[in-house]
Structures are given as structure tokens and as C-alpha cells.
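Peer 1: If it helps, the file is called final_21.txt and holds compact mmCIF, N, CA and C atoms:
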# COMPACT_ATOMS: atom_id res chain seq x y z
N MET I 1 107.54 -3.84 165.42
CA MET I 1 106.85 -4.96 166.00
C MET I 1 107.69 -6.22 165.82
N LYS I 2 107.92 -6.92 166.91
CA LYS I 2 108.72 -8.14 166.86
C LYS I 2 107.82 -9.33 166.57
N THR I 3 108.35 -10.25 165.79
CA THR I 3 107.63 -11.49 165.52
C THR I 3 108.29 -12.61 166.29
N GLN I 4 107.49 -13.34 167.02
CA GLN I 4 108.02 -14.47 167.77
C GLN I 4 107.56 -15.77 167.12
N HIS I 5 108.49 -16.69 167.05
CA HIS I 5 108.18 -17.99 166.49
C HIS I 5 108.23 -19.02 167.61
N VAL I 6 107.23 -19.78 167.68
CA VAL I 6 107.18 -20.82 168.70
C VAL I 6 107.17 -22.16 167.99
N ILE I 7 108.13 -22.98 168.33
CA ILE I 7 108.19 -24.33 167.78
C ILE I 7 107.90 -25.29 168.91
N LYS I 8 106.82 -26.01 168.77
CA LYS I 8 106.43 -26.97 169.79
C LYS I 8 107.08 -28.30 169.49
N GLU I 9 107.80 -28.80 170.46
CA GLU I 9 108.45 -30.09 170.30
C GLU I 9 107.38 -31.17 170.36
N GLN I 10 107.45 -32.10 169.45
CA GLN I 10 106.47 -33.18 169.44
C GLN I 10 106.82 -34.19 170.51
N ASN I 11 105.85 -34.47 171.33
CA ASN I 11 106.03 -35.49 172.35
C ASN I 11 105.70 -36.84 171.73
N THR I 12 106.70 -37.66 171.59
CA THR I 12 106.51 -38.97 171.00
C THR I 12 106.39 -39.99 172.12
N ARG I 13 105.25 -40.62 172.19
CA ARG I 13 105.02 -41.64 173.19
C ARG I 13 105.22 -42.99 172.55
N LEU I 14 106.15 -43.75 173.07
CA LEU I 14 106.41 -45.08 172.54
C LEU I 14 105.52 -46.08 173.25
N ILE I 15 105.04 -47.04 172.49
CA ILE I 15 104.21 -48.09 173.07
C ILE I 15 104.94 -49.43 172.96
N LYS I 16 104.74 -50.26 173.97
CA LYS I 16 105.35 -51.58 173.96
C LYS I 16 104.51 -52.47 173.05
N CYS I 17 105.15 -53.12 172.10
CA CYS I 17 104.45 -53.99 171.15
C CYS I 17 105.02 -55.40 171.21
N LYS I 18 104.13 -56.35 171.03
CA LYS I 18 104.52 -57.76 170.91
C LYS I 18 104.38 -58.12 169.44
N ILE I 19 105.46 -58.59 168.85
CA ILE I 19 105.47 -58.97 167.44
C ILE I 19 105.63 -60.48 167.35
N ARG I 20 104.71 -61.11 166.65
CA ARG I 20 104.76 -62.56 166.43
C ARG I 20 104.76 -62.76 164.92
N LEU I 21 105.74 -63.55 164.45
CA LEU I 21 105.83 -63.75 163.00
C LEU I 21 106.22 -65.17 162.67
N THR I 22 105.91 -65.53 161.45
CA THR I 22 106.31 -66.83 160.91
C THR I 22 107.11 -66.57 159.64
N THR I 23 108.27 -67.19 159.55
CA THR I 23 109.13 -67.00 158.38
C THR I 23 108.70 -67.94 157.26
N ARG I 24 109.31 -67.76 156.11
CA ARG I 24 109.00 -68.62 154.96
C ARG I 24 109.43 -70.06 155.21
N CYS I 25 110.41 -70.25 156.10
CA CYS I 25 110.88 -71.60 156.43
C CYS I 25 109.97 -72.28 157.46
N GLY I 26 108.99 -71.55 158.00
CA GLY I 26 108.09 -72.12 158.97
C GLY I 26 108.48 -71.88 160.42
N GLU I 27 109.57 -71.15 160.65
CA GLU I 27 110.00 -70.85 162.02
C GLU I 27 109.14 -69.72 162.57
N THR I 28 108.80 -69.82 163.86
CA THR I 28 107.99 -68.80 164.52
C THR I 28 108.85 -68.04 165.52
N TYR I 29 108.75 -66.71 165.50
CA TYR I 29 109.48 -65.85 166.41
C TYR I 29 108.51 -64.92 167.12
N VAL I 30 108.82 -64.61 168.38
CA VAL I 30 108.08 -63.62 169.15
C VAL I 30 109.10 -62.70 169.80
N TYR I 31 108.91 -61.39 169.64
CA TYR I 31 109.78 -60.44 170.33
C TYR I 31 108.99 -59.19 170.69
N TYR I 32 109.52 -58.43 171.63
CA TYR I 32 108.90 -57.20 172.10
C TYR I 32 109.78 -56.02 171.74
N GLY I 33 109.16 -54.86 171.60
CA GLY I 33 109.92 -53.66 171.33
C GLY I 33 109.09 -52.42 171.60
N LEU I 34 109.75 -51.28 171.67
CA LEU I 34 109.08 -50.00 171.83
C LEU I 34 109.01 -49.30 170.48
N PHE I 35 107.81 -48.97 170.06
CA PHE I 35 107.59 -48.38 168.75
C PHE I 35 106.60 -47.22 168.86
N LYS I 36 106.58 -46.37 167.85
CA LYS I 36 105.63 -45.26 167.80
C LYS I 36 104.21 -45.77 167.54
N SER I 37 104.10 -46.88 166.80
CA SER I 37 102.78 -47.44 166.47
C SER I 37 102.94 -48.91 166.14
N THR I 38 101.82 -49.61 166.06
CA THR I 38 101.88 -51.03 165.70
C THR I 38 102.29 -51.20 164.23
N SER I 39 101.94 -50.24 163.39
CA SER I 39 102.36 -50.35 161.99
C SER I 39 103.88 -50.20 161.86
N GLU I 40 104.49 -49.39 162.74
CA GLU I 40 105.95 -49.30 162.73
C GLU I 40 106.57 -50.61 163.22
N ALA I 41 105.91 -51.28 164.14
CA ALA I 41 106.39 -52.58 164.61
C ALA I 41 106.35 -53.61 163.48
N ILE I 42 105.31 -53.58 162.69
CA ILE I 42 105.20 -54.49 161.55
C ILE I 42 106.28 -54.20 160.52
N MET I 43 106.54 -52.93 160.26
CA MET I 43 107.59 -52.56 159.31
C MET I 43 108.96 -53.01 159.81
N ASP I 44 109.17 -52.98 161.12
CA ASP I 44 110.42 -53.47 161.70
C ASP I 44 110.57 -54.96 161.46
N ALA I 45 109.50 -55.71 161.68
CA ALA I 45 109.54 -57.16 161.46
C ALA I 45 109.79 -57.49 159.99
N LEU I 46 109.16 -56.76 159.10
CA LEU I 46 109.35 -57.01 157.67
C LEU I 46 110.78 -56.70 157.22
N SER I 47 111.41 -55.72 157.85
CA SER I 47 112.77 -55.39 157.47
C SER I 47 113.79 -56.38 158.04
N ARG I 48 113.44 -57.06 159.13
CA ARG I 48 114.36 -58.01 159.76
C ARG I 48 114.27 -59.43 159.20
N PHE I 49 113.08 -59.86 158.84
CA PHE I 49 112.85 -61.25 158.46
C PHE I 49 112.13 -61.34 157.12
N GLU I 50 112.31 -62.47 156.46
CA GLU I 50 111.49 -62.78 155.29
C GLU I 50 110.26 -63.50 155.83
N THR I 51 109.19 -62.76 156.00
CA THR I 51 108.03 -63.29 156.71
C THR I 51 106.91 -63.70 155.77
N THR I 52 106.08 -64.60 156.29
CA THR I 52 104.83 -64.93 155.60
C THR I 52 103.66 -64.33 156.35
N THR I 53 103.72 -64.32 157.69
CA THR I 53 102.67 -63.67 158.49
C THR I 53 103.32 -62.86 159.60
N VAL I 54 102.69 -61.72 159.90
CA VAL I 54 103.17 -60.86 160.99
C VAL I 54 101.96 -60.41 161.78
N PHE I 55 102.07 -60.43 163.09
CA PHE I 55 101.04 -59.94 163.98
C PHE I 55 101.70 -59.05 165.01
N ALA I 56 101.18 -57.82 165.16
CA ALA I 56 101.71 -56.91 166.17
C ALA I 56 100.56 -56.37 167.00
N ALA I 57 100.76 -56.33 168.31
CA ALA I 57 99.73 -55.82 169.21
C ALA I 57 100.38 -55.00 170.30
N ALA I 58 99.70 -53.95 170.72
CA ALA I 58 100.18 -53.14 171.84
C ALA I 58 99.89 -53.90 173.12
N VAL I 59 100.87 -53.93 174.02
CA VAL I 59 100.68 -54.63 175.31
C VAL I 59 100.89 -53.69 176.47
For the file at hand, write its structure as C-alpha cells.

Peer 2:
Amino acid sequence: MKTQHVIKEQNTRLIKCKIRLTTRCGETYVYYGLFKSTSEAIMDALSRFETTTVFAAAV
């Protein structure tokens, strides 16, 4: 008896997110990007800037 293994490729759907943040110096930035989730968008902003506030929304 043969055993067959099926590996289903995960379909990753990227969503367009708008990220708005304020740095510790008081500068405000807005940028867009494609991310797996809004939490990934926030993690991207935190890794790029020294932020005080971050807001990410799917658009």
C-alpha cells in the first residue's frame, strides 16, 4: 500500500494598510504597504521608527 502525502500551499493574501505614526521628536509620518495583517504593519513601523503612537488600518 502506497502512502501519499499532500502538502497544501498556504495562500497568503496581502492587504493594503495605511500606517500613521508619530515619532518621539513629534514628527508625523503616513505610509502605505502590503502586509499579511495590521499587526504586521504595526511591527514594521516599530522596527523602522522610534515611535510614540502607531495606527494601522486596512484600506

Peer 1: Among chain I, which ones does DSSP assign to alpha helix (DSSP H) (computed from the backbone)? Answer as a list in words.

Peer 2: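 After running DSSP on the backbone, chain I has alpha helix (DSSP H) at Thr38, Ser39, Glu40, Ala41, Ile42, Met43, Asp44, Ala45, Leu46, Ser47 and Arg48 of chain I.
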
Peer 1: Hey, can you spit out that residue selection with N, CA and C atoms as a short mmCIF file (atom, residue, chain, number, x, y, z; two decimals), in the coordinates of the input?

Peer 2:
data_model
loop_
_atom_site.label_atom_id
_atom_site.label_comp_id
_atom_site.auth_asym_id
_atom_site.auth_seq_id
_atom_site.Cartn_x
_atom_site.Cartn_y
_atom_site.Cartn_z
N THR I 38 101.82 -49.61 166.06
CA THR I 38 101.88 -51.03 165.70
C THR I 38 102.29 -51.20 164.23
N SER I 39 101.94 -50.24 163.39
CA SER I 39 102.36 -50.35 161.99
C SER I 39 103.88 -50.20 161.86
N GLU I 40 104.49 -49.39 162.74
CA GLU I 40 105.95 -49.30 162.73
C GLU I 40 106.57 -50.61 163.22
N ALA I 41 105.91 -51.28 164.14
CA ALA I 41 106.39 -52.58 164.61
C ALA I 41 106.35 -53.61 163.48
N ILE I 42 105.31 -53.58 162.69
CA ILE I 42 105.20 -54.49 161.55
C ILE I 42 106.28 -54.20 160.52
N MET I 43 106.54 -52.93 160.26
CA MET I 43 107.59 -52.56 159.31
C MET I 43 108.96 -53.01 159.81
N ASP I 44 109.17 -52.98 161.12
CA ASP I 44 110.42 -53.47 161.70
C ASP I 44 110.57 -54.96 161.46
N ALA I 45 109.50 -55.71 161.68
CA ALA I 45 109.54 -57.16 161.46
C ALA I 45 109.79 -57.49 159.99
N LEU I 46 109.16 -56.76 159.10
CA LEU I 46 109.35 -57.01 157.67
C LEU I 46 110.78 -56.70 157.22
N SER I 47 111.41 -55.72 157.85
CA SER I 47 112.77 -55.39 157.47
C SER I 47 113.79 -56.38 158.04
N ARG I 48 113.44 -57.06 159.13
CA ARG I 48 114.36 -58.01 159.76
C ARG I 48 114.27 -59.43 159.20
#

Peer 1: Which one of I:Ile19, I:Cys25, I:Ala58, I:Leu14 sits closest to Ala45 (chain I) if you count only N, CA and C atoms?

Peer 2: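 Among the listed residues, I:Ile19 lies closest to Ala45 (chain I).
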
Peer 1: I'd like the neighbourhood of Thr51 (chain I) as a list in words, where a residue qualifies if any of its atoms comes within 8 Å (using only C-alpha atoms), though same-chain residues fewer than 5 positions away should be ignored.

Peer 2: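 The residues that qualify are Leu21, Thr22, Thr23, Arg24, Ala45 and Leu46 of chain I.
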
Peer 1: Could you check which of I:Glu27, I:Tyr32, I:Arg13, I:Ile42 is closest to Val54 (chain I), using only C-alpha atoms?

Peer 2: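 Smallest distance to Val54 (chain I) is found for I:Ile42.
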
Peer 1: Atom C of Ile15 (chain I) and atom N of Glu50 (chain I) are how many Å apart?

Peer 2: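 Going from atom C of Ile15 (chain I) over to atom N of Glu50 (chain I) covers 22.3 Å.
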
Peer 1: Pick out the closest residue to Cys17 (chain I) from this set: I:Ser39, I:Val59, I:Thr53, I:Tyr29. Count only N, CA and C atoms.

Peer 2: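 Among I:Ser39, I:Val59, I:Thr53, I:Tyr29, it is I:Val59 that comes nearest to Cys17 (chain I).
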
Peer 1: Go ahead and compute the interatomic distance for atom N of Val30 (chain I) and atom C of Thr12 (chain I), in Å to one decimal.

Peer 2: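 Value for the atom N of Val30 (chain I)-atom C of Thr12 (chain I) distance: 25.0 Å.
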
Peer 1: Could you check how far atom C of Ser47 (chain I) sits from atom N of Tyr31 (chain I), in Å to one decimal?

Peer 2: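 Computed distance, atom C of Ser47 (chain I) to atom N of Tyr31 (chain I), equals 13.5 Å.
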
Peer 1: So which bits of chain I end up strand (DSSP E or B) when you DSSP the backbone, as a ChimeraX atom specification?

Peer 2: /I:15-23,28-35,51-58
